[in-house]
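Trainee: input-v8.csv is the file, holding CSV, C-alpha atoms:
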```csv
chain,number,residue,atom,x,y,z
A,1,MET,CA,-43.0,-45.2,36.0
A,2,SER,CA,-45.9,-45.6,38.4
A,3,SER,CA,-47.7,-42.5,39.3
A,4,GLN,CA,-48.5,-44.1,42.6
A,5,SER,CA,-44.9,-45.0,43.5
A,6,HIS,CA,-44.5,-41.9,45.7
A,7,GLN,CA,-47.5,-42.8,47.8
A,8,CYS,CA,-45.9,-46.0,49.3
A,9,TYR,CA,-43.6,-44.2,51.6
A,10,GLY,CA,-42.2,-46.9,53.9
A,11,GLY,CA,-43.1,-50.1,55.7
A,12,PHE,CA,-44.2,-53.0,53.6
A,13,GLY,CA,-44.7,-50.8,50.5
A,14,ARG,CA,-41.0,-49.8,50.6
A,15,PHE,CA,-39.9,-53.4,51.3
A,16,CYS,CA,-41.7,-54.6,48.2
A,17,ARG,CA,-40.3,-51.9,46.0
A,18,TYR,CA,-36.8,-52.2,47.3
A,19,ALA,CA,-36.7,-56.0,47.3
A,20,ASN,CA,-37.9,-56.2,43.7
A,21,ALA,CA,-35.6,-53.4,42.6
A,22,ILE,CA,-32.6,-55.0,44.2
A,23,THR,CA,-33.3,-58.3,42.6
A,24,ARG,CA,-33.6,-56.7,39.2
A,25,VAL,CA,-30.4,-54.7,39.4
A,26,THR,CA,-28.2,-57.4,41.1
A,27,GLN,CA,-29.2,-60.5,39.2
A,28,ASP,CA,-28.8,-61.4,35.5
A,29,GLU,CA,-32.3,-61.9,34.2
A,30,ALA,CA,-31.3,-64.5,31.6
A,31,SER,CA,-29.1,-66.8,33.8
A,32,GLY,CA,-30.5,-66.0,37.3
A,33,GLU,CA,-26.9,-65.6,38.4
A,34,MET,CA,-25.3,-62.6,40.1
A,35,ARG,CA,-25.1,-59.6,37.8
A,36,VAL,CA,-21.6,-58.9,36.5
A,37,MET,CA,-21.1,-55.3,35.7
A,38,PRO,CA,-19.8,-54.6,32.1
A,39,LYS,CA,-16.8,-52.3,32.6
A,40,SER,CA,-15.2,-53.7,35.8
A,41,GLY,CA,-16.3,-57.3,35.6
A,42,LEU,CA,-17.3,-57.2,39.3
A,43,SER,CA,-20.5,-58.5,40.8
A,44,ALA,CA,-23.2,-56.1,42.1
A,45,LEU,CA,-24.9,-56.9,45.4
A,46,THR,CA,-26.0,-55.2,48.6
A,47,LEU,CA,-23.7,-54.9,51.6
A,48,ARG,CA,-25.8,-57.3,53.6
A,49,SER,CA,-25.7,-59.9,50.8
A,50,PHE,CA,-21.9,-59.5,50.7
A,51,ILE,CA,-21.6,-60.0,54.5
A,52,ASP,CA,-24.0,-63.0,54.3
A,53,ARG,CA,-21.8,-64.6,51.6
A,54,TRP,CA,-18.5,-64.1,53.4
A,55,SER,CA,-19.8,-64.1,57.0
A,56,GLU,CA,-17.5,-66.9,58.2
A,57,GLU,CA,-14.4,-65.4,56.6
A,58,LEU,CA,-15.2,-62.0,58.0
A,59,THR,CA,-15.8,-63.4,61.5
A,60,GLN,CA,-12.6,-65.3,61.5
A,61,TYR,CA,-10.4,-62.6,60.0
A,62,TYR,CA,-11.6,-59.8,62.3
A,63,ASP,CA,-12.6,-61.9,65.3
A,64,ALA,CA,-15.9,-60.0,65.4
A,65,ASP,CA,-19.6,-60.9,65.1
A,66,PHE,CA,-20.4,-60.8,61.4
A,67,GLY,CA,-23.2,-63.3,62.0
A,68,SER,CA,-21.3,-66.5,62.4
A,69,THR,CA,-20.5,-68.3,65.6
A,70,PHE,CA,-17.4,-70.4,66.3
A,71,THR,CA,-18.3,-74.0,66.9
A,72,GLY,CA,-14.9,-75.5,67.5
A,73,LEU,CA,-12.2,-77.2,65.5
A,74,GLN,CA,-13.5,-79.5,62.7
A,75,PRO,CA,-11.4,-82.4,61.2
A,76,LEU,CA,-10.4,-82.3,57.6
A,77,ASP,CA,-11.7,-85.4,55.8
A,78,TYR,CA,-9.0,-85.3,53.1
A,79,CYS,CA,-6.1,-84.5,55.5
A,80,PRO,CA,-5.8,-86.8,58.6
A,81,ASP,CA,-4.9,-85.2,61.9
A,82,SER,CA,-5.6,-81.7,60.5
A,83,PHE,CA,-8.3,-79.3,61.7
A,84,VAL,CA,-9.9,-76.1,60.7
A,85,LYS,CA,-12.1,-73.6,62.6
A,86,GLY,CA,-15.8,-74.4,62.3
A,87,TYR,CA,-18.5,-71.7,62.1
A,88,GLU,CA,-22.3,-71.8,62.2
A,89,GLN,CA,-24.5,-69.0,60.7
A,90,SER,CA,-27.7,-69.0,62.7
A,91,LYS,CA,-28.9,-65.5,62.1
A,92,GLN,CA,-30.6,-63.9,59.1
A,93,ILE,CA,-28.0,-61.6,57.6
A,94,ASP,CA,-29.3,-60.9,54.1
A,95,ASP,CA,-31.8,-58.1,53.5
A,96,CYS,CA,-35.2,-58.8,55.0
A,97,GLU,CA,-36.3,-55.2,55.8
A,98,PHE,CA,-35.4,-51.8,54.6
A,99,GLY,CA,-35.2,-48.2,55.8
A,100,ASP,CA,-34.6,-45.3,53.5
A,101,THR,CA,-31.0,-46.2,52.8
A,102,VAL,CA,-29.4,-48.9,50.7
A,103,VAL,CA,-25.7,-49.8,50.4
A,104,PHE,CA,-24.5,-51.6,47.2
A,105,VAL,CA,-21.0,-53.0,46.7
A,106,LEU,CA,-19.1,-54.1,43.6
A,107,ALA,CA,-17.2,-57.2,44.7
A,108,ASP,CA,-15.0,-59.9,43.4
A,109,LEU,CA,-16.8,-63.1,44.3
A,110,SER,CA,-14.2,-65.5,42.8
A,111,THR,CA,-13.4,-68.5,44.9
A,112,THR,CA,-10.4,-69.8,42.9
A,113,ILE,CA,-8.0,-66.9,43.4
A,114,ASP,CA,-5.0,-67.2,45.7
A,115,LEU,CA,-6.0,-65.3,48.8
A,116,SER,CA,-2.5,-64.0,49.4
A,117,TRP,CA,-2.1,-62.6,45.9
A,118,VAL,CA,-1.3,-58.9,45.5
A,119,PRO,CA,-0.8,-56.9,42.3
A,120,PRO,CA,2.7,-56.9,40.7
A,121,HIS,CA,3.5,-53.3,41.7
A,122,ILE,CA,2.7,-54.2,45.3
A,123,GLN,CA,4.8,-57.4,45.1
A,124,LYS,CA,7.9,-55.3,44.5
A,125,LYS,CA,7.2,-53.3,47.6
A,126,TYR,CA,6.4,-56.6,49.5
A,127,LYS,CA,9.8,-58.1,48.7
A,128,ARG,CA,11.6,-55.1,50.2
A,129,ALA,CA,9.4,-54.7,53.2
A,130,GLY,CA,9.8,-55.9,56.7
A,131,LYS,CA,7.3,-58.1,58.6
A,132,LEU,CA,5.0,-55.4,59.8
A,133,ARG,CA,5.0,-53.6,56.4
A,134,ARG,CA,4.1,-56.9,54.6
A,135,LYS,CA,1.3,-57.5,57.0
A,136,LYS,CA,-0.1,-54.0,56.3
A,137,LEU,CA,0.2,-54.5,52.5
A,138,ARG,CA,-1.7,-57.8,52.7
A,139,HIS,CA,-4.4,-56.2,54.8
A,140,GLN,CA,-4.8,-53.5,52.2
A,141,TRP,CA,-4.6,-55.6,49.0
A,142,ALA,CA,-4.9,-59.4,49.5
A,143,TYR,CA,-8.2,-61.3,49.7
A,144,GLU,CA,-7.0,-62.7,53.0
A,145,ASN,CA,-9.0,-59.7,54.2
A,146,PRO,CA,-12.5,-60.4,52.8
A,147,MET,CA,-13.2,-56.6,52.8
A,148,ASN,CA,-10.7,-56.3,50.0
A,149,ARG,CA,-13.1,-58.1,47.7
A,150,ILE,CA,-15.1,-54.9,47.7
A,151,HIS,CA,-13.7,-52.6,45.0
A,152,GLY,CA,-16.3,-50.0,45.2
A,153,PHE,CA,-19.5,-49.1,47.1
A,154,LEU,CA,-22.6,-46.9,46.7
A,155,VAL,CA,-24.8,-45.5,49.4
A,156,MET,CA,-28.3,-44.4,48.1
A,157,LYS,CA,-31.0,-42.8,50.1
A,158,ASP,CA,-34.7,-41.9,49.4
A,159,VAL,CA,-34.9,-38.2,50.1
A,160,THR,CA,-38.5,-37.7,49.0
A,161,ASN,CA,-40.2,-35.2,51.5
A,162,GLU,CA,-43.2,-33.1,52.1
A,163,GLN,CA,-41.6,-30.1,50.4
A,164,HIS,CA,-40.7,-32.1,47.3
A,165,LYS,CA,-43.1,-35.1,46.9
A,166,GLN,CA,-41.8,-36.5,43.6
A,167,VAL,CA,-39.8,-39.6,44.4
A,168,THR,CA,-36.1,-38.6,44.5
A,169,MET,CA,-33.1,-40.8,45.2
A,170,CYS,CA,-29.8,-39.3,46.4
A,171,ILE,CA,-26.3,-40.7,45.8
A,172,ASP,CA,-25.1,-40.2,49.4
A,173,THR,CA,-21.7,-41.7,48.8
A,174,ILE,CA,-20.0,-43.3,45.8
A,175,CYS,CA,-16.5,-44.6,46.0
A,176,SER,CA,-14.1,-46.8,44.0
A,177,THR,CA,-11.2,-48.1,46.2
A,178,TYR,CA,-7.7,-46.7,45.9
A,179,PHE,CA,-6.4,-50.3,46.5
A,180,THR,CA,-7.3,-51.9,43.2
A,181,THR,CA,-6.1,-52.3,39.6
A,182,VAL,CA,-9.6,-52.8,38.3
A,183,LYS,CA,-10.9,-50.1,35.9
A,184,GLY,CA,-14.4,-48.8,35.3
A,185,ILE,CA,-15.7,-49.1,38.8
A,186,GLY,CA,-17.0,-45.6,39.1
A,187,SER,CA,-18.9,-45.9,35.8
A,188,ASP,CA,-20.5,-49.2,36.8
A,189,LEU,CA,-21.5,-47.7,40.2
A,190,MET,CA,-23.2,-44.8,38.4
A,191,GLU,CA,-25.1,-47.2,36.1
A,192,LEU,CA,-26.1,-49.2,39.1
A,193,ALA,CA,-27.4,-46.0,40.8
A,194,LYS,CA,-29.5,-45.1,37.7
A,195,ASP,CA,-30.9,-48.6,37.3
A,196,PHE,CA,-31.9,-48.9,41.0
A,197,SER,CA,-33.5,-45.4,41.0
A,198,LYS,CA,-35.6,-46.2,37.9
A,199,GLU,CA,-36.7,-49.5,39.4
A,200,VAL,CA,-38.0,-47.8,42.6
A,201,GLY,CA,-39.9,-45.3,40.5
A,202,ALA,CA,-37.7,-42.2,41.1
A,203,PHE,CA,-38.1,-39.1,38.9
A,204,ASP,CA,-34.6,-37.7,39.8
A,205,ILE,CA,-31.3,-38.6,41.2
A,206,VAL,CA,-29.5,-35.9,43.1
A,207,LEU,CA,-26.1,-35.6,44.8
A,208,GLU,CA,-23.8,-33.2,46.5
A,209,VAL,CA,-20.2,-32.8,45.4
A,210,ALA,CA,-18.3,-33.3,48.7
A,211,ASN,CA,-15.1,-31.2,49.2
A,212,GLU,CA,-12.9,-29.9,52.0
A,213,PHE,CA,-13.8,-26.2,51.6
A,214,SER,CA,-17.6,-25.7,51.3
A,215,GLY,CA,-18.2,-26.4,55.0
A,216,ASN,CA,-15.8,-23.7,56.2
A,217,GLY,CA,-17.5,-21.1,58.2
A,218,TYR,CA,-20.0,-23.5,59.8
A,219,ALA,CA,-19.6,-24.5,63.5
A,220,SER,CA,-19.5,-28.2,64.2
A,221,ASP,CA,-21.8,-29.8,66.7
A,222,GLU,CA,-19.2,-30.2,69.4
A,223,PHE,CA,-21.6,-30.4,72.4
A,224,ILE,CA,-25.0,-31.7,73.3
A,225,SER,CA,-27.2,-29.6,75.5
A,226,GLU,CA,-28.2,-30.8,79.0
A,227,ASP,CA,-31.8,-31.3,77.8
A,228,GLU,CA,-30.7,-33.3,74.8
A,229,ASP,CA,-28.4,-35.4,76.9
A,230,SER,CA,-31.0,-36.1,79.5
A,231,ASP,CA,-33.5,-37.0,76.8
A,232,SER,CA,-31.1,-39.5,75.3
A,233,GLU,CA,-30.6,-41.2,78.6
A,234,GLU,CA,-34.3,-41.6,79.3
A,235,GLU,CA,-35.0,-44.5,77.1
A,236,PRO,CA,-37.9,-46.9,77.6
A,237,ASP,CA,-37.2,-50.2,79.5
A,238,GLU,CA,-36.4,-52.6,76.7
A,239,GLU,CA,-36.5,-55.8,78.9
A,240,ASP,CA,-40.3,-56.0,79.0
A,241,SER,CA,-40.7,-55.3,75.3
A,242,ASP,CA,-38.0,-57.8,74.5
A,243,SER,CA,-39.6,-60.5,76.5
A,244,GLU,CA,-42.9,-59.8,74.8
A,245,GLU,CA,-41.3,-60.0,71.4
A,246,GLU,CA,-39.6,-63.3,72.3
A,247,THR,CA,-42.9,-65.0,72.9
A,248,ASP,CA,-44.3,-63.8,69.6
A,249,GLU,CA,-41.2,-64.5,67.5
A,250,GLU,CA,-39.9,-67.8,69.0
A,251,ASP,CA,-40.2,-69.5,65.6
A,252,CYS,CA,-38.6,-66.6,63.6
A,253,GLN,CA,-35.0,-66.6,62.7
A,254,GLU,CA,-33.1,-63.9,64.6
A,255,ILE,CA,-31.9,-61.0,62.4
A,256,TRP,CA,-28.2,-60.0,62.5
A,257,TYR,CA,-27.4,-56.4,63.3
A,258,PRO,CA,-23.9,-55.1,63.7
A,259,ASP,CA,-22.5,-54.3,67.1
A,260,ASP,CA,-20.1,-51.4,67.8
A,261,ASP,CA,-17.0,-53.4,66.9
A,262,VAL,CA,-18.4,-54.5,63.5
A,263,MET,CA,-19.6,-50.9,62.8
A,264,ASN,CA,-16.1,-49.6,63.5
A,265,ILE,CA,-14.6,-52.2,61.2
A,266,LEU,CA,-17.0,-51.6,58.3
A,267,SER,CA,-16.8,-47.8,58.5
A,268,GLU,CA,-13.0,-47.7,58.8
A,269,GLU,CA,-12.4,-50.2,55.9
A,270,LEU,CA,-14.9,-48.5,53.6
A,271,TRP,CA,-13.6,-45.0,54.5
A,272,LYS,CA,-10.0,-46.1,53.8
A,273,LYS,CA,-11.1,-47.1,50.3
A,274,CYS,CA,-11.9,-43.4,49.7
A,275,MET,CA,-8.3,-42.5,50.2
A,276,ARG,CA,-6.8,-40.4,47.4
A,277,ARG,CA,-3.3,-39.0,46.7
A,278,GLY,CA,-2.6,-35.5,45.4
A,279,SER,CA,-0.9,-34.8,42.1
A,280,ASP,CA,2.5,-35.2,43.7
A,281,GLY,CA,1.6,-38.8,44.6
A,282,LYS,CA,2.4,-38.1,48.3
A,283,ASN,CA,-0.3,-36.0,49.8
A,284,VAL,CA,-3.0,-38.3,51.1
A,285,TYR,CA,-6.5,-36.9,51.6
A,286,TYR,CA,-10.2,-38.0,52.1
A,287,ASN,CA,-13.2,-36.0,50.8
A,288,LEU,CA,-15.4,-37.7,53.4
A,289,ASP,CA,-15.1,-38.2,57.1
A,290,GLN,CA,-15.3,-41.7,58.5
A,291,GLU,CA,-18.2,-40.6,60.7
A,292,TYR,CA,-20.2,-39.6,57.6
A,293,ILE,CA,-19.7,-43.0,56.0
A,294,GLU,CA,-20.5,-44.8,59.2
A,295,ALA,CA,-23.8,-42.9,59.4
A,296,GLY,CA,-24.8,-44.2,56.0
A,297,ILE,CA,-23.8,-47.8,56.8
A,298,TRP,CA,-25.6,-47.7,60.2
A,299,ASN,CA,-28.8,-46.3,58.6
A,300,TYR,CA,-28.8,-49.1,56.1
A,301,LEU,CA,-27.9,-52.0,58.4
A,302,ASN,CA,-30.3,-50.9,61.0
A,303,CYS,CA,-33.1,-50.1,58.6
A,304,ALA,CA,-33.4,-46.5,59.8
A,305,ASN,CA,-35.9,-43.9,58.5
A,306,GLU,CA,-36.0,-40.1,58.7
A,307,THR,CA,-39.5,-40.3,60.0
A,308,GLU,CA,-40.9,-42.4,62.8
A,309,ASP,CA,-44.3,-42.8,61.1
A,310,THR,CA,-43.3,-44.6,57.8
A,311,SER,CA,-46.8,-44.1,56.5
A,312,LYS,CA,-46.0,-40.4,56.1
A,313,LEU,CA,-43.3,-38.5,54.2
A,314,TRP,CA,-40.2,-37.1,55.8
A,315,HIS,CA,-40.7,-33.4,56.6
A,316,GLY,CA,-37.4,-32.5,54.9
A,317,THR,CA,-34.9,-29.9,55.9
A,318,GLU,CA,-35.4,-26.1,55.5
A,319,LYS,CA,-35.3,-24.0,52.4
A,320,ARG,CA,-32.0,-22.2,52.0
A,321,VAL,CA,-32.3,-18.5,51.3
A,322,ILE,CA,-29.6,-16.7,49.4
A,323,THR,CA,-29.7,-13.1,50.6
A,324,ASP,CA,-28.4,-11.6,47.3
A,325,LYS,CA,-28.0,-14.0,44.3
A,326,ASP,CA,-25.7,-11.4,42.6
A,327,ASP,CA,-23.5,-11.2,45.6
A,328,PRO,CA,-24.1,-14.2,48.0
A,329,GLN,CA,-22.5,-14.3,51.4
A,330,ASP,CA,-19.3,-16.4,51.9
A,331,THR,CA,-21.2,-19.3,53.4
A,332,GLU,CA,-24.2,-19.3,51.0
A,333,TYR,CA,-24.7,-21.2,47.8
A,334,GLY,CA,-22.6,-19.3,45.2
A,335,GLY,CA,-20.4,-17.7,47.8
A,336,PHE,CA,-16.7,-17.8,48.4
A,337,TRP,CA,-16.5,-21.2,50.1
A,338,TYR,CA,-18.9,-22.8,47.6
A,339,LEU,CA,-16.8,-21.5,44.7
A,340,LYS,CA,-13.5,-22.7,46.2
A,341,GLY,CA,-15.0,-26.2,46.8
A,342,LYS,CA,-16.5,-26.3,43.3
A,343,ARG,CA,-13.2,-25.4,41.7
A,344,SER,CA,-11.4,-28.1,43.8
A,345,GLN,CA,-13.8,-30.8,42.4
A,346,ALA,CA,-14.1,-29.7,38.8
A,347,LYS,CA,-12.8,-33.0,37.5
A,348,LEU,CA,-15.3,-35.0,39.6
A,349,MET,CA,-18.2,-32.8,38.5
A,350,GLY,CA,-17.1,-33.4,34.9
A,351,PHE,CA,-17.3,-37.1,35.6
A,352,TYR,CA,-20.8,-36.8,36.9
A,353,GLU,CA,-21.7,-34.7,33.8
A,354,LYS,CA,-20.7,-37.6,31.6
A,355,PHE,CA,-23.7,-39.5,33.0
A,356,GLY,CA,-26.2,-36.7,32.5
A,357,PHE,CA,-25.9,-34.8,35.8
A,358,LYS,CA,-26.1,-31.0,35.7
A,359,GLU,CA,-25.7,-28.6,38.5
A,360,ASP,CA,-29.0,-27.3,39.8
A,361,PRO,CA,-28.9,-24.7,42.7
A,362,GLU,CA,-32.7,-25.3,43.4
A,363,VAL,CA,-31.9,-28.8,44.7
A,364,HIS,CA,-29.9,-27.1,47.5
A,365,THR,CA,-32.2,-24.1,48.0
A,366,ASP,CA,-35.8,-25.4,47.4
A,367,TRP,CA,-35.9,-29.2,47.6
A,368,CYS,CA,-35.3,-29.4,51.3
A,369,ILE,CA,-33.0,-32.4,51.0
A,370,PHE,CA,-29.5,-31.3,52.1
A,371,SER,CA,-28.0,-29.5,55.0
A,372,ASP,CA,-27.1,-25.8,54.8
A,373,ILE,CA,-23.5,-26.4,53.8
A,374,PRO,CA,-23.3,-25.1,50.2
A,375,TYR,CA,-21.8,-28.2,48.5
A,376,PRO,CA,-22.4,-28.0,44.7
A,377,ALA,CA,-25.8,-29.8,44.1
A,378,MET,CA,-26.3,-31.8,40.9
A,379,ARG,CA,-29.4,-33.5,39.4
A,380,LEU,CA,-30.1,-36.2,36.9
A,381,PRO,CA,-33.7,-36.3,35.6
A,382,LEU,CA,-34.9,-39.9,34.9
A,383,GLU,CA,-37.0,-40.6,31.8
```
Any chance you could give the structure as structure tokens?
Mentor:
Amino acid sequence: MSSQSHQCYGGFGRFCRYANAITRVTQDEASGEMRVMPKSGLSALTLRSFIDRWSEELTQYYDADFGSTFTGLQPLDYCPDSFVKGYEQSKQIDDCEFGDTVVFVLADLSTTIDLSWVPPHIQKKYKRAGKLRRKKLRHQWAYENPMNRIHGFLVMKDVTNEQHKQVTMCIDTICSTYFTTVKGIGSDLMELAKDFSKEVGAFDIVLEVANEFSGNGYASDEFISEDEDSDSEEEPDEEDSDSEEETDEEDCQEIWYPDDDVMNILSEELWKKCMRRGSDGKNVYYNLDQEYIEAGIWNYLNCANETEDTSKLWHGTEKRVITDKDDPQDTEYGGFWYLKGKRSQAKLMGFYEKFGFKEDPEVHTDWCIFSDIPYPAMRLPLE
């Protein structure tokens, strides 16, 4: 592990580290082909690489801008008087720059499978269902919807900051889809997180155990002050800067960024993969809000950074003071809502512990990484 790795905060230094690390963890070194994960048999790649590979199919299925443009009907050479929709991919979709967030997916890249196929237990429901119910089942399970090729996803973020300068990666979100029969997805995602973190020179991986209770007692940001609202509206005139960039970048391929429609599609589809059912098999719940997942996806696809000056470290959040460690307040780490949330996710925390994670309150209180909501914080030291 390079002792200088934490000094290349962002910009070109981060690009080199991330690009090299992504290549190493998503490609098989021996064959040069896409890496197939050992437990699930799925391929590991970034979300941009996935969209790049299935851009035409995504554009056609959702009728949204996934980087391909409709060029008209094209004749089929092997079938006279038959036509298919033609698409042209003129923008750079695959990764060409990075912020502090990366999104990986585990996907089925097979091109020989019947796109209308659904698992046997869904076929039984399908036969008894009406037209609308069948359409919904296909949307959830069949590869007619290209997003169903994604069986799990992982959002990772560099949370190194001025208060904790050792390179630290955070598992922001990790999810295996409810709509799959493939096993071992969570384990493969954890291994992928460890591999990528080691490749970028991290000393630790941290995470928060999300739950529906720990945030109780905290007011949500339901309004924006007049000053903040006026500041947000006073944006610089982009027309002049755009015209200047056009003259400098006429020969460069345009980079694809998602519009609002695509962001809504991606966040909703990935959020729905986080769906779980209670022990009774009926109660449906989500540990994460769609807005939270959308924020991680947006940060990745738009190459966002916590700091405007990427030559400097992010300042970090504030240290979290526990007024009385023997008797913390209800909304503090170790308090009532923390304990209720921790008990509700005992099984999940046990899963993380299998990979070497251990709860470490100092990550929450002293590392200046997370918000003040007392989710259980866990840490995995990397050798």
Trainee: Leaving out region 41-55 of chain A and any residue of its chain fewer than 4 positions from it, which residues lie within 7 Å of it when counting all atoms listed in the file, given as a list in words?
Mentor: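 Counting only the stated atoms, we get Thr26, Met34, Arg35, Val36, Met37, Thr59, Phe66, Gly67, Ser68, Ile93, Asp94, Asp95, Val103, Phe104, Val105, Leu106, Ala107, Asp108 and Leu109 of chain A.
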Trainee: Considering only C-alpha atoms, return as a ChimeraX atom specification whatever protein or nucleic-acid residues lie within 12 Å of region 304-314 of chain A, sequence-local ones (same chain, fewer than 5 positions apart) excluded.
Mentor: /A:6-15,97-102,157-167,295-299,368-369
Trainee: Residues near region 250-265 of chain A, anyone? I mean within 9 Å using all atoms listed in the file, not counting same-chain ones fewer than 4 positions away, as number ranges by chain.
Mentor: A: 62, 64-67, 90-94, 96, 245-246, 269-270, 294, 297-298, 301-302
Trainee: Any idea what's packed within 12 Å of Val206 (chain A), counting only C-alpha atoms, ignoring anything in its chain fewer than 3 positions away? Could you give it as an MDAnalysis selection string?
Mentor: chainID A and resid 156:160 167:173 190 193:194 197 202:203 209 352 356:364 367:370 376:382
Trainee: Do you have the CA of Asp188 (chain A)-CA of Asn148 (chain A) distance handy?
Mentor: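 Interatomic distance here is 17.9 Å.
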Trainee: Determine, using all atoms listed in the file, which residues of region 172-219 of chain A have any atom at most 10 Å from an atom of region 111-126 of chain A, and tabulate each with its shortest atom pair and distance in Å to one decimal place, rows ordered by chain and then rising number, as a Markdown table.
Mentor:
```
| residue | atom | partner | partner_atom | distance |
| --- | --- | --- | --- | --- |
| A:Phe179 | CA | A:Pro119 | CA | 9.6 |
| A:Thr180 | CA | A:Pro119 | CA | 8.2 |
| A:Thr181 | CA | A:Pro119 | CA | 7.5 |
```
Trainee: Kindly give the distance, in Å, that separates CA of Trp337 (chain A) and CA of Gly215 (chain A), rounded to a single decimal.
Mentor: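 CA of Gly215 (chain A) lies at a distance of 7.3 Å from CA of Trp337 (chain A).
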Trainee: CA of Asp77 (chain A) to CA of Asp63 (chain A): how many Å, to one decimal?
Mentor: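 Computing it gives 25.4 Å between the two atoms.
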Trainee: Kindly indicate which residue among A:Val321, A:Leu207, A:Cys274, A:Met147 lies nearest to Gly334 (chain A), using only C-alpha atoms for the distances.
Mentor: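 Going through A:Val321, A:Leu207, A:Cys274, A:Met147 one by one, the smallest distance to Gly334 (chain A) is for A:Val321.
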Trainee: Find the residue from A:Glu88, A:Asp327, A:Glu268, A:Glu383 that sits nearest to Leu288 (chain A); use all atoms listed in the file when measuring.
Mentor: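 Closest candidate: A:Glu268.
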